[in-house]
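Asker: Quick one: structure below, then a few questions.
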Amino acid sequence: MWAKVIIVVACVTQFGAIAKMLREIYQDRSPKYTYRSEARIPNPYIKSAELLKKLYMPGDTILYPSGVKDVFGAADEYTYGIKVSVVDAQLINVYLPKDATYWQRIDPAESDKLYLWQKSTGKKRLIFDFEGAKYRY
């Protein structure tokens with residue numbers, strides 16, 4: 001009888017520790033498994049895509065940042081030295097409508113900020129700042 005009670009108490013204790021660890025992982029608060037001391041914000045690509053869908057008017061242009069991780073060189077001799085990445089553009093396009101006909105381009109001069117250039121005003125509107133690798137998944 002006592003052996004069963006001890007085993008049940010040990011199992012309940014272990015279950016509590018595992019539940020706590022999993023909760024910290026899913027909240028991005030476990031430095032051991034997520035390598036972060038503070039929680040990340042919800043997926044910024046979804047948030048950016050929703051804002052773009054709301055603000056985009058025909059004639060506007062989405063200006064994607066040129067990224068940080070994967071670097072793809074240009075194919076011609078004039079833009080050979082410019083480093084660009086299409087990763088942010090791809091991850092945002094996943095959440096945009098499949099039949100949308102948005103004007104889009106990657107801005108090689110900007111590495112972290114996503115803009116919407118509005119034709120009506122002629123100005124760039126900041127949609128999201130990735131702040132380096134801080135908000136990139």
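Chains: A, B, ... in order of the structure tokens. Residues: from 1 per chain. Ligands: from 1, in order shown.
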For Leu96 in chain A, work out the shell of residues within 8 Å, counting only C-alpha atoms and skipping chain neighbours fewer than 4 positions away, then give it as JSON, numbers by chain.

Answerer: {"A": [49, 50, 53, 92, 100]}

Asker: So which residues touch Leu114 in chain A within 9 Å, counting only C-alpha atoms, skipping near sequence neighbours fewer than 4 positions away, as a VMD selection string?

Answerer: chain A and resid 48 62 to 65 110 125 to 130

Asker: Create the file for the chosen residues now, containing all heavy atoms and written as a tab-separated table (two decimals), in the first residue's frame.

Answerer:
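What follows is the written file selection.tsv:
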```tsv
chain	number	residue	atom	x	y	z
A	48	SER	N	1.39	41.51	-40.09
A	48	SER	CA	1.76	42.37	-41.21
A	48	SER	C	0.87	42.14	-42.42
A	48	SER	O	0.44	43.09	-43.08
A	48	SER	CB	3.22	42.13	-41.60
A	48	SER	OG	4.08	42.41	-40.52
A	62	ILE	N	4.30	47.16	-52.02
A	62	ILE	CA	4.80	46.61	-50.76
A	62	ILE	C	6.32	46.53	-50.88
A	62	ILE	O	6.84	45.92	-51.82
A	62	ILE	CB	4.21	45.22	-50.48
A	62	ILE	CG1	2.69	45.31	-50.39
A	62	ILE	CG2	4.80	44.64	-49.20
A	62	ILE	CD1	2.00	43.96	-50.35
A	63	LEU	N	7.03	47.13	-49.94
A	63	LEU	CA	8.50	47.11	-49.94
A	63	LEU	C	8.98	46.20	-48.82
A	63	LEU	O	8.91	46.54	-47.64
A	63	LEU	CB	9.04	48.53	-49.72
A	63	LEU	CG	8.60	49.58	-50.76
A	63	LEU	CD1	9.04	50.96	-50.32
A	63	LEU	CD2	9.17	49.23	-52.10
A	64	TYR	N	9.48	45.03	-49.21
A	64	TYR	CA	9.96	44.06	-48.23
A	64	TYR	C	11.40	44.37	-47.83
A	64	TYR	O	12.18	44.86	-48.65
A	64	TYR	CB	9.91	42.65	-48.82
A	64	TYR	CG	8.51	42.15	-49.06
A	64	TYR	CD1	7.99	42.07	-50.34
A	64	TYR	CD2	7.70	41.76	-48.00
A	64	TYR	CE1	6.71	41.62	-50.56
A	64	TYR	CE2	6.42	41.32	-48.21
A	64	TYR	CZ	5.93	41.24	-49.49
A	64	TYR	OH	4.65	40.80	-49.71
A	65	PRO	N	11.78	44.05	-46.59
A	65	PRO	CA	13.18	44.24	-46.20
A	65	PRO	C	14.07	43.22	-46.90
A	65	PRO	O	13.60	42.15	-47.30
A	65	PRO	CB	13.16	44.02	-44.69
A	65	PRO	CG	11.95	43.20	-44.43
A	65	PRO	CD	10.96	43.56	-45.49
A	110	GLU	N	17.02	48.60	-47.33
A	110	GLU	CA	16.41	48.42	-46.01
A	110	GLU	C	16.48	46.96	-45.61
A	110	GLU	O	16.04	46.09	-46.33
A	110	GLU	CB	14.94	48.87	-46.07
A	110	GLU	CG	14.22	48.76	-44.75
A	110	GLU	CD	14.88	49.60	-43.67
A	110	GLU	OE1	14.99	50.82	-43.84
A	110	GLU	OE2	15.28	49.02	-42.65
A	125	ARG	N	4.76	54.05	-45.70
A	125	ARG	CA	4.14	53.86	-44.39
A	125	ARG	C	4.73	52.60	-43.75
A	125	ARG	O	4.72	51.53	-44.36
A	125	ARG	CB	2.63	53.70	-44.55
A	125	ARG	CG	1.93	53.50	-43.25
A	125	ARG	CD	0.46	53.49	-43.44
A	125	ARG	NE	-0.18	53.30	-42.15
A	125	ARG	CZ	-1.42	53.57	-41.91
A	125	ARG	NH1	-2.20	54.04	-42.86
A	125	ARG	NH2	-1.94	53.36	-40.72
A	126	LEU	N	5.27	52.74	-42.55
A	126	LEU	CA	5.88	51.61	-41.86
A	126	LEU	C	4.80	50.62	-41.44
A	126	LEU	O	3.84	50.98	-40.75
A	126	LEU	CB	6.65	52.10	-40.63
A	126	LEU	CG	7.34	51.02	-39.81
A	126	LEU	CD1	8.44	50.33	-40.61
A	126	LEU	CD2	7.92	51.61	-38.53
A	127	ILE	N	4.96	49.38	-41.84
A	127	ILE	CA	4.03	48.31	-41.46
A	127	ILE	C	4.58	47.55	-40.26
A	127	ILE	O	3.87	47.31	-39.29
A	127	ILE	CB	3.79	47.35	-42.65
A	127	ILE	CG1	3.23	48.11	-43.84
A	127	ILE	CG2	2.88	46.21	-42.24
A	127	ILE	CD1	1.87	48.74	-43.61
A	128	PHE	N	5.87	47.16	-40.32
A	128	PHE	CA	6.47	46.42	-39.21
A	128	PHE	C	7.98	46.56	-39.26
A	128	PHE	O	8.58	46.59	-40.33
A	128	PHE	CB	6.08	44.93	-39.29
A	128	PHE	CG	6.44	44.17	-38.05
A	128	PHE	CD1	5.64	44.23	-36.94
A	128	PHE	CD2	7.60	43.42	-37.98
A	128	PHE	CE1	5.97	43.55	-35.78
A	128	PHE	CE2	7.93	42.73	-36.83
A	128	PHE	CZ	7.12	42.80	-35.73
A	129	ASP	N	8.60	46.64	-38.07
A	129	ASP	CA	10.05	46.68	-37.94
A	129	ASP	C	10.50	45.38	-37.28
A	129	ASP	O	10.15	45.11	-36.13
A	129	ASP	CB	10.48	47.89	-37.10
A	129	ASP	CG	11.98	48.04	-37.03
A	129	ASP	OD1	12.71	47.22	-37.64
A	129	ASP	OD2	12.44	48.99	-36.37
A	130	PHE	N	11.25	44.56	-38.00
A	130	PHE	CA	11.71	43.27	-37.47
A	130	PHE	C	12.85	43.41	-36.47
A	130	PHE	O	13.16	42.45	-35.76
A	130	PHE	CB	12.14	42.35	-38.62
A	130	PHE	CG	10.99	41.86	-39.44
A	130	PHE	CD1	10.70	42.46	-40.65
A	130	PHE	CD2	10.20	40.83	-39.01
A	130	PHE	CE1	9.63	42.02	-41.41
A	130	PHE	CE2	9.14	40.38	-39.75
A	130	PHE	CZ	8.85	40.97	-40.96
```

Asker: Report the residues of chain A whose backbone DSSP state falls under alpha helix (DSSP H), written as a count of residues only.

Answerer: 48

Asker: Which value, in Å to one decimal, gives the distance between CA of Pro58 in chain A and CA of Asn43 in chain A?

Answerer: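 It comes out at 26.3 Å.
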
Asker: Which is closer to Ile106 in chain A than all the others in A:Ser66, A:Ile25, A:Thr121, A:Gly132, using only C-alpha atoms?

Answerer: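 Closest to Ile106 in chain A, using only C-alpha atoms: A:Ser66.
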
Asker: Excluding Gly59 in chain A and its own-chain neighbours fewer than 2 positions away, which residues fall within 10 Å of it when counting only C-alpha atoms? Please give them as a list of chain:residue names.

Answerer: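 Counting only the stated atoms, we get A:Tyr56, A:Met57, A:Thr61, A:Tyr102, A:Trp103, A:Trp117, A:Gln118, A:Lys119, A:Ser120.
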
Asker: In Å, how far is it from CA of Lys123 in chain A to CA of Asp99 in chain A?

Answerer: 26.0 Å

Asker: Neighbouring residues of Ile41 in chain A were defined as those with any atom within 10 Å, considering only C-alpha atoms; residues of the same chain fewer than 3 positions away were excluded. Please report them as a VMD selection string.

Answerer: chain A and resid 27 to 28 38 44 134 to 135

Asker: Selection from above, all heavy atoms, as a PDB file, in the first residue's frame, can you write it?

Answerer:
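The resulting file, result_13.pdb, is shown below:
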```
ATOM      1  N   GLN A  27       4.957  29.284 -24.232  1.00  0.00           N
ATOM      2  CA  GLN A  27       4.895  30.733 -24.039  1.00  0.00           C
ATOM      3  C   GLN A  27       6.210  31.411 -24.437  1.00  0.00           C
ATOM      4  O   GLN A  27       6.373  32.607 -24.249  1.00  0.00           O
ATOM      5  CB  GLN A  27       4.578  31.062 -22.574  1.00  0.00           C
ATOM      6  CG  GLN A  27       3.200  30.644 -22.144  1.00  0.00           C
ATOM      7  CD  GLN A  27       2.973  30.848 -20.655  1.00  0.00           C
ATOM      8  OE1 GLN A  27       3.902  31.108 -19.886  1.00  0.00           O
ATOM      9  NE2 GLN A  27       1.725  30.704 -20.241  1.00  0.00           N
ATOM     10  N   ASP A  28       7.151  30.644 -24.996  1.00  0.00           N
ATOM     11  CA  ASP A  28       8.478  31.147 -25.385  1.00  0.00           C
ATOM     12  C   ASP A  28       9.230  31.759 -24.219  1.00  0.00           C
ATOM     13  O   ASP A  28       9.953  32.734 -24.373  1.00  0.00           O
ATOM     14  CB  ASP A  28       8.364  32.187 -26.500  1.00  0.00           C
ATOM     15  CG  ASP A  28       8.146  31.546 -27.847  1.00  0.00           C
ATOM     16  OD1 ASP A  28       8.527  30.378 -28.000  1.00  0.00           O
ATOM     17  OD2 ASP A  28       7.607  32.214 -28.730  1.00  0.00           O
ATOM     18  N   GLU A  38      12.835  36.543 -22.855  1.00  0.00           N
ATOM     19  CA  GLU A  38      11.509  37.157 -22.858  1.00  0.00           C
ATOM     20  C   GLU A  38      10.693  36.551 -23.995  1.00  0.00           C
ATOM     21  O   GLU A  38      11.231  36.118 -25.007  1.00  0.00           O
ATOM     22  CB  GLU A  38      11.603  38.668 -23.018  1.00  0.00           C
ATOM     23  CG  GLU A  38      12.258  39.110 -24.291  1.00  0.00           C
ATOM     24  CD  GLU A  38      12.446  40.609 -24.361  1.00  0.00           C
ATOM     25  OE1 GLU A  38      12.997  41.165 -23.404  1.00  0.00           O
ATOM     26  OE2 GLU A  38      12.042  41.192 -25.356  1.00  0.00           O
ATOM     27  N   PRO A  44       4.593  37.832 -36.361  1.00  0.00           N
ATOM     28  CA  PRO A  44       4.531  39.154 -36.992  1.00  0.00           C
ATOM     29  C   PRO A  44       4.156  39.097 -38.471  1.00  0.00           C
ATOM     30  O   PRO A  44       3.704  40.085 -39.033  1.00  0.00           O
ATOM     31  CB  PRO A  44       5.942  39.711 -36.807  1.00  0.00           C
ATOM     32  CG  PRO A  44       6.799  38.513 -36.690  1.00  0.00           C
ATOM     33  CD  PRO A  44       5.964  37.465 -35.999  1.00  0.00           C
ATOM     34  N   LYS A 134      15.327  39.930 -33.968  1.00  0.00           N
ATOM     35  CA  LYS A 134      14.490  39.910 -32.760  1.00  0.00           C
ATOM     36  C   LYS A 134      13.086  39.373 -33.008  1.00  0.00           C
ATOM     37  O   LYS A 134      12.568  38.596 -32.232  1.00  0.00           O
ATOM     38  CB  LYS A 134      14.413  41.323 -32.172  1.00  0.00           C
ATOM     39  CG  LYS A 134      13.631  41.396 -30.875  1.00  0.00           C
ATOM     40  CD  LYS A 134      13.676  42.782 -30.278  1.00  0.00           C
ATOM     41  CE  LYS A 134      12.924  42.850 -28.971  1.00  0.00           C
ATOM     42  NZ  LYS A 134      12.961  44.194 -28.396  1.00  0.00           N
ATOM     43  N   TYR A 135      12.446  39.797 -34.099  1.00  0.00           N
ATOM     44  CA  TYR A 135      11.072  39.381 -34.373  1.00  0.00           C
ATOM     45  C   TYR A 135      10.948  38.430 -35.549  1.00  0.00           C
ATOM     46  O   TYR A 135       9.859  38.136 -35.983  1.00  0.00           O
ATOM     47  CB  TYR A 135      10.184  40.607 -34.598  1.00  0.00           C
ATOM     48  CG  TYR A 135      10.048  41.444 -33.364  1.00  0.00           C
ATOM     49  CD1 TYR A 135      10.471  42.767 -33.354  1.00  0.00           C
ATOM     50  CD2 TYR A 135       9.511  40.924 -32.186  1.00  0.00           C
ATOM     51  CE1 TYR A 135      10.350  43.545 -32.231  1.00  0.00           C
ATOM     52  CE2 TYR A 135       9.402  41.688 -31.055  1.00  0.00           C
ATOM     53  CZ  TYR A 135       9.813  42.999 -31.084  1.00  0.00           C
ATOM     54  OH  TYR A 135       9.698  43.761 -29.955  1.00  0.00           O
TER      55      TYR A 135
END
```

Asker: Out of A:Arg136, A:Asp60, A:Tyr45, A:Lys32, which residue has the shortest atom-to-atom distance to Gln104 in chain A when counting only C-alpha atoms?

Answerer: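 Of A:Arg136, A:Asp60, A:Tyr45, A:Lys32, the one nearest Gln104 in chain A, counting only C-alpha atoms, is A:Asp60.
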
Asker: Assign secondary structure with DSSP using the backbone only, and return the residues of chain A in strand (DSSP E) as a list in words.

Answerer: Thr61, Ile62, Leu63, Tyr64, Pro65, Trp103, Gln104, Arg105, Ile106, Asp107, Lys113, Leu114, Tyr115, Leu116, Trp117, Gln118, Lys123, Lys124, Arg125, Leu126, Ile127, Phe128 and Asp129 of chain A

Asker: Can you write just those residues out, N, CA, C and O atoms, as an mmCIF file, in the first residue's frame?

Answerer:
```
data_model
loop_
_atom_site.group_PDB
_atom_site.id
_atom_site.type_symbol
_atom_site.label_atom_id
_atom_site.label_comp_id
_atom_site.auth_asym_id
_atom_site.auth_seq_id
_atom_site.Cartn_x
_atom_site.Cartn_y
_atom_site.Cartn_z
ATOM 1 N N THR A 61 2.718 49.898 -53.511
ATOM 2 C CA THR A 61 3.783 48.902 -53.612
ATOM 3 C C THR A 61 4.209 48.467 -52.216
ATOM 4 O O THR A 61 4.460 49.305 -51.355
ATOM 5 N N ILE A 62 4.303 47.164 -52.019
ATOM 6 C CA ILE A 62 4.802 46.612 -50.761
ATOM 7 C C ILE A 62 6.320 46.526 -50.881
ATOM 8 O O ILE A 62 6.842 45.920 -51.819
ATOM 9 N N LEU A 63 7.035 47.126 -49.937
ATOM 10 C CA LEU A 63 8.496 47.113 -49.939
ATOM 11 C C LEU A 63 8.982 46.198 -48.822
ATOM 12 O O LEU A 63 8.909 46.544 -47.641
ATOM 13 N N TYR A 64 9.482 45.026 -49.211
ATOM 14 C CA TYR A 64 9.965 44.056 -48.230
ATOM 15 C C TYR A 64 11.397 44.369 -47.833
ATOM 16 O O TYR A 64 12.181 44.858 -48.655
ATOM 17 N N PRO A 65 11.779 44.049 -46.593
ATOM 18 C CA PRO A 65 13.181 44.240 -46.201
ATOM 19 C C PRO A 65 14.066 43.216 -46.905
ATOM 20 O O PRO A 65 13.599 42.145 -47.301
ATOM 21 N N TRP A 103 1.473 44.870 -55.974
ATOM 22 C CA TRP A 103 2.806 45.208 -56.441
ATOM 23 C C TRP A 103 3.753 45.024 -55.264
ATOM 24 O O TRP A 103 3.501 45.526 -54.183
ATOM 25 N N GLN A 104 4.836 44.284 -55.491
ATOM 26 C CA GLN A 104 5.775 43.976 -54.421
ATOM 27 C C GLN A 104 7.197 44.064 -54.951
ATOM 28 O O GLN A 104 7.455 43.735 -56.099
ATOM 29 N N ARG A 105 8.101 44.484 -54.069
ATOM 30 C CA ARG A 105 9.521 44.432 -54.408
ATOM 31 C C ARG A 105 10.333 44.390 -53.129
ATOM 32 O O ARG A 105 9.861 44.757 -52.051
ATOM 33 N N ILE A 106 11.561 43.922 -53.247
ATOM 34 C CA ILE A 106 12.474 43.874 -52.114
ATOM 35 C C ILE A 106 13.352 45.114 -52.179
ATOM 36 O O ILE A 106 13.942 45.417 -53.213
ATOM 37 N N ASP A 107 13.422 45.826 -51.068
ATOM 38 C CA ASP A 107 14.212 47.051 -50.984
ATOM 39 C C ASP A 107 15.618 46.693 -50.473
ATOM 40 O O ASP A 107 15.789 46.402 -49.289
ATOM 41 N N LYS A 113 12.881 46.802 -42.075
ATOM 42 C CA LYS A 113 11.552 47.416 -42.005
ATOM 43 C C LYS A 113 10.708 47.094 -43.235
ATOM 44 O O LYS A 113 11.173 47.212 -44.363
ATOM 45 N N LEU A 114 9.471 46.718 -42.974
ATOM 46 C CA LEU A 114 8.491 46.447 -44.017
ATOM 47 C C LEU A 114 7.656 47.707 -44.210
ATOM 48 O O LEU A 114 7.098 48.228 -43.244
ATOM 49 N N TYR A 115 7.604 48.187 -45.448
ATOM 50 C CA TYR A 115 6.873 49.412 -45.750
ATOM 51 C C TYR A 115 5.786 49.151 -46.788
ATOM 52 O O TYR A 115 5.876 48.208 -47.581
ATOM 53 N N LEU A 116 4.821 50.029 -46.796
ATOM 54 C CA LEU A 116 3.845 50.108 -47.871
ATOM 55 C C LEU A 116 3.984 51.496 -48.476
ATOM 56 O O LEU A 116 3.769 52.496 -47.801
ATOM 57 N N TRP A 117 4.413 51.550 -49.754
ATOM 58 C CA TRP A 117 4.495 52.827 -50.434
ATOM 59 C C TRP A 117 3.123 53.125 -51.007
ATOM 60 O O TRP A 117 2.597 52.365 -51.821
ATOM 61 N N GLN A 118 2.535 54.208 -50.555
ATOM 62 C CA GLN A 118 1.182 54.560 -50.965
ATOM 63 C C GLN A 118 1.244 55.556 -52.114
ATOM 64 O O GLN A 118 1.809 56.648 -51.980
ATOM 65 N N LYS A 123 4.195 58.566 -50.112
ATOM 66 C CA LYS A 123 5.042 58.337 -48.935
ATOM 67 C C LYS A 123 5.042 56.865 -48.551
ATOM 68 O O LYS A 123 4.119 56.122 -48.860
ATOM 69 N N LYS A 124 6.110 56.487 -47.841
ATOM 70 C CA LYS A 124 6.201 55.132 -47.320
ATOM 71 C C LYS A 124 5.557 55.085 -45.936
ATOM 72 O O LYS A 124 5.807 55.950 -45.103
ATOM 73 N N ARG A 125 4.762 54.054 -45.696
ATOM 74 C CA ARG A 125 4.140 53.856 -44.394
ATOM 75 C C ARG A 125 4.735 52.604 -43.755
ATOM 76 O O ARG A 125 4.722 51.530 -44.355
ATOM 77 N N LEU A 126 5.267 52.739 -42.554
ATOM 78 C CA LEU A 126 5.875 51.613 -41.861
ATOM 79 C C LEU A 126 4.796 50.624 -41.437
ATOM 80 O O LEU A 126 3.839 50.975 -40.753
ATOM 81 N N ILE A 127 4.961 49.377 -41.836
ATOM 82 C CA ILE A 127 4.033 48.311 -41.460
ATOM 83 C C ILE A 127 4.577 47.547 -40.262
ATOM 84 O O ILE A 127 3.870 47.306 -39.295
ATOM 85 N N PHE A 128 5.868 47.161 -40.322
ATOM 86 C CA PHE A 128 6.470 46.422 -39.214
ATOM 87 C C PHE A 128 7.984 46.564 -39.260
ATOM 88 O O PHE A 128 8.583 46.589 -40.328
ATOM 89 N N ASP A 129 8.598 46.637 -38.074
ATOM 90 C CA ASP A 129 10.053 46.680 -37.939
ATOM 91 C C ASP A 129 10.497 45.382 -37.283
ATOM 92 O O ASP A 129 10.151 45.107 -36.134
#
```
